[in-house]
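Reading through the structure tokens given below for one structure.
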Amino acid sequence: MTDIPAFTPVHLLTGFLGSGKTTLLKRLLTDPALSDTAVLINEFGEVGLDHHLVERIDDTMVLLQSGCVCCTVRGELADALRELHSKRERGLVPPFARVIIESTGLADPFPVLSTLKSDPVLRHHFRVGSVVTTVDAVNGQLQLDTYMESNRQAAIADRIVITKTDLCDVAPDTLITRLRQLNPDAICHIATPHGPDAETLFADGAVHRSAQLQSASGFYCDAPAALQTADGAVHRSAISSFVIVVDEQIDWTGFGVWLTMLLNRHGDRVLRVKGILNLSGEERPVAVHGVQHLVHPPVHMDAWPFNERASRIVFIVDGLDANLLKRSFNAFALAGKVEAHPQPEAAAQARNAQSP
Amino acid sequence: MCSLCGVIGGNEHWTDAVARPGVFTRNVERIDRRRERARRVSAANRALAAFGMSLSDWQGASFVLATRTGKSEVIEDLGHLWPAAERLSGRLCDPLDPVLIARMEEGRDD
């Protein structure tokens with residue numbers, strides 16, 4: 001019998017319409033490594049077809065049929081996961097150790113993640129796993145040019161699978177470059193009939209992560225210098241990514257005030273924040289990881305990945321000015337400044353504060 | 001904060017989770033806990049001052065956000081701070097506003 005993890009990871013498989021999500025899922029499900037997986041399939045159309053294509057109809061396969069997962073069936077998604085959890089507890093379905101949600105091609109992946117974090121039942125039993133996005137080598141470029149959803153799906157991914165390369169005469173180098181600019185820390189895989197395997201896409205064990213120099217929050221940060229993107233000319237869409245690297249220590253509280261303020265005003269335009277922070281008063285690095293309005297609890301990492309105590313934060317934003325954001329970050333979050341100059345108002349409040 | 005519905009749900013906010021003395025404790029280390037809250041109040045006030053508002057600790061359990069004219073609101077954690085601040089002040093609290101950034105930078109360097 002499979003051990004049921006305390007928090008069942010929920011992986012999200014997304015990608016634009018026709019980009020090969022179902023094909024990938026179908027191949028992955030034949031992998032013995034995914035035998036203990038519950039699958040939720042969400043379809044936009046009136047008639048659900050994908051679950052027939054996947055050819056594995058059993059109790060741990062659920063079809064969410066009444067619309068797009070990102071807007072109409074948020075409640076249905078939560079219900080389906082709760083139902084699966086309840087059935088597993090009662091022994092009515094085979095115990096599953098992970099859930100994969102195949103979303104519709106038009107879905108904005110963020111609300112799915114948000115549902116997991118905010119539902120009072122789900123957040124105690126499930127956690128967000130990987131976001132895998134499929135991008136079509138034939139049509140991917142065009143979709144990135146045309147559809148905002150396609151950009152968002154790529155920008156939010158932990159891992160990107162490039163599909164249909166066998167239908168394409170040229171190597172997908174320009175597409176990969178484009179995807180790197182949109183999402184510098186996602187790992188790109190090229191789909192073949194035999195790979196990437198389920199382990200590569202969905203594994204998130206501690207061993208795997210540390211081997212990959214990746215934090216538990218999924219942060220992957222090497223070679224930040226190469227991530228700098230040009231503006232305007234290269235990017236036809238407004239989505240851009242950049243890295244803030246600071247040597248000075250960061251004040252956690254100042255950073256918290258700043259990021260909550262930023263996300264409150266611009267959350268829907270900050271597609272992703274991922275970073276390793278060098279906090280004042282803290283020996284070990286702290287990883288933060290946010291998707292739009294949602295920020296995961298920070299994770300303390302065991303060691304610095306590169307023996308270099310510098311903070312690195314990757315931002316993937318939609319139409320925000322990178323330089324302004326960097327200036328704003330420096331002004332709010334650097335440690336020395338926060339402690340050295342409390343505002344007079346802060347002192348004035350002391351007389352109002354009451355002691356219990 | 002629940003990111004879908006605003007307030008209801010009462011998640012531990014992500015800013016609450018950092019291993020510093022006084023952050024996780026509830027029953028012991030009262031002084032550390034107070035000190036940690038005071039730091040948050042002071043950090044928030046650096047930014048709130050620009051909007052004519054201030055934050056204070058309330059009984060070590062919540063925070064009170066107040067404007068200079070005395071409008072006030074109780075908030076639970078930093079996640080609730082900015083929506084409440086925008087509501088009370090009737091202004092947009094935008095960290096990318098160049099005027100606000102200039103003000104914060106000035107505060108740094110004097």
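We label chains A, B, ... in the order they appear in the structure tokens, count residues from 1 in each chain, and number ligands from 1 in the order shown.
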>> Would you mind listing, as a PyMOL selection string, all residues of chain B that have at least one atom within 6 Å of chain A, where only C-alpha atoms are what counts?
In response: chain B and resi 2+14-15+40+42-43+45-46+56-57+59+82+95+101+104-105+108
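Close contacts of Ala157 (chain A), defined as residues with an atom at most 6 Å away when counting only C-alpha atoms, with chain neighbours fewer than 5 positions off set aside, comprise A:Val131, A:Val132, A:Thr133.
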Produce a file of the selected residues containing N, CA and C atoms, as an mmCIF file, in the first residue's frame.
```cif
data_model
loop_
_atom_site.group_PDB
_atom_site.id
_atom_site.type_symbol
_atom_site.label_atom_id
_atom_site.label_comp_id
_atom_site.auth_asym_id
_atom_site.auth_seq_id
_atom_site.Cartn_x
_atom_site.Cartn_y
_atom_site.Cartn_z
ATOM 1 N N VAL A 131 4.193 23.081 -11.447
ATOM 2 C CA VAL A 131 3.371 23.524 -12.563
ATOM 3 C C VAL A 131 4.133 23.181 -13.836
ATOM 4 N N VAL A 132 3.542 22.304 -14.635
ATOM 5 C CA VAL A 132 4.182 21.891 -15.887
ATOM 6 C C VAL A 132 3.394 22.502 -17.038
ATOM 7 N N THR A 133 4.075 23.219 -17.895
ATOM 8 C CA THR A 133 3.406 23.856 -19.026
ATOM 9 C C THR A 133 3.919 23.243 -20.329
#
```
Using only C-alpha atoms, determine which residues lie at most 9 Å from region 125-130 of chain A, disregarding the query and same-chain residues fewer than 4 positions distant; provide the list as a CSV table (one decimal) with N, CA and C atoms, in the first residue's frame.
```
chain,number,residue,atom,x,y,z
A,5,PRO,N,1.2,10.7,1.9
A,5,PRO,CA,2.0,11.8,2.4
A,5,PRO,C,1.1,12.8,3.3
A,6,ALA,N,1.7,13.4,4.2
A,6,ALA,CA,0.9,14.4,5.1
A,6,ALA,C,0.3,15.4,4.2
A,7,PHE,N,1.0,15.9,3.3
A,7,PHE,CA,0.4,16.9,2.3
A,7,PHE,C,0.6,16.3,0.9
A,8,THR,N,-0.5,16.0,0.3
A,8,THR,CA,-0.5,15.4,-1.0
A,8,THR,C,-0.2,16.5,-2.0
A,9,PRO,N,0.9,16.3,-2.8
A,9,PRO,CA,1.2,17.3,-3.8
A,9,PRO,C,0.2,17.4,-4.9
A,10,VAL,N,-0.2,18.5,-5.3
A,10,VAL,CA,-1.1,18.7,-6.5
A,10,VAL,C,-0.3,19.3,-7.6
A,11,HIS,N,-0.1,18.6,-8.7
A,11,HIS,CA,0.6,19.1,-9.8
A,11,HIS,C,-0.3,19.7,-10.8
A,12,LEU,N,0.0,20.7,-11.5
A,12,LEU,CA,-0.8,21.3,-12.5
A,12,LEU,C,-0.2,21.1,-13.8
A,13,LEU,N,-0.9,20.6,-14.7
A,13,LEU,CA,-0.5,20.4,-16.1
A,13,LEU,C,-1.3,21.4,-17.0
A,81,LEU,N,-11.5,17.8,-5.0
A,81,LEU,CA,-10.3,17.4,-4.2
A,81,LEU,C,-10.7,16.9,-2.8
A,85,HIS,N,-10.2,13.3,-1.2
A,85,HIS,CA,-9.5,13.1,0.1
A,85,HIS,C,-10.4,12.3,1.0
A,98,ARG,N,-0.3,11.5,-5.1
A,98,ARG,CA,-0.2,12.8,-5.7
A,98,ARG,C,-1.5,13.0,-6.6
A,99,VAL,N,-1.7,14.2,-6.9
A,99,VAL,CA,-2.8,14.6,-7.8
A,99,VAL,C,-2.3,15.3,-9.0
A,100,ILE,N,-2.8,15.0,-10.2
A,100,ILE,CA,-2.4,15.9,-11.3
A,100,ILE,C,-3.7,16.5,-11.9
A,113,LEU,N,-3.9,27.3,-8.0
A,113,LEU,CA,-2.9,27.3,-6.9
A,113,LEU,C,-3.5,28.0,-5.7
A,116,LEU,N,-5.9,25.9,-3.6
A,116,LEU,CA,-5.3,25.0,-2.7
A,116,LEU,C,-4.8,25.7,-1.4
A,117,LYS,N,-4.4,26.9,-1.6
A,117,LYS,CA,-3.8,27.6,-0.4
A,117,LYS,C,-4.9,28.2,0.5
A,121,VAL,N,-10.2,23.4,4.2
A,121,VAL,CA,-9.9,21.9,4.3
A,121,VAL,C,-8.6,21.6,3.5
A,157,ALA,N,5.3,28.6,-15.0
A,157,ALA,CA,5.7,27.2,-15.0
A,157,ALA,C,6.9,27.0,-14.1
A,158,ASP,N,7.0,25.8,-13.5
A,158,ASP,CA,8.2,25.3,-12.9
A,158,ASP,C,9.0,24.6,-14.0
A,159,ARG,N,8.3,23.8,-14.8
A,159,ARG,CA,8.9,23.1,-15.9
A,159,ARG,C,8.1,23.3,-17.2
A,201,LEU,N,9.4,15.4,-14.2
A,201,LEU,CA,8.4,16.5,-14.2
A,201,LEU,C,7.8,16.7,-12.8
A,202,PHE,N,7.6,15.6,-12.1
A,202,PHE,CA,6.7,15.8,-10.9
A,202,PHE,C,7.5,15.5,-9.6
A,203,ALA,N,8.7,14.9,-9.7
A,203,ALA,CA,9.4,14.6,-8.4
A,203,ALA,C,9.7,15.9,-7.7
A,204,ASP,N,9.5,15.9,-6.4
A,204,ASP,CA,9.9,17.1,-5.7
A,204,ASP,C,10.5,16.7,-4.3
A,218,GLY,N,11.2,25.5,-4.8
A,218,GLY,CA,11.2,25.4,-6.2
A,218,GLY,C,12.1,26.4,-6.9
```
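Distance-wise, CA of Thr165 (chain A) and CA of Leu40 (chain A) end up 26.8 Å apart.
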> CA of Glu102 (chain A) and CA of Leu77 (chain A) are how many Å apart?
Replying inline: 11.4 Å
>> Between CA of Val135 (chain A) and CA of Ile101 (chain A), what distance in Å does the model show, to one decimal?
In response: 16.9 Å
>> Among region 253-294 of chain A, which residues does DSSP mark as helix (DSSP H, G or I) when it is run on the backbone? Keep the chain and numbering as in the structure and answer as a ChimeraX atom specification.
In response: /A:253-269
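Candidate residues B:Ala47, B:Ile31, B:Val41, B:Ala66 were compared for distance to Ala84 (chain B), and the nearest is B:Ala66, using only C-alpha atoms.
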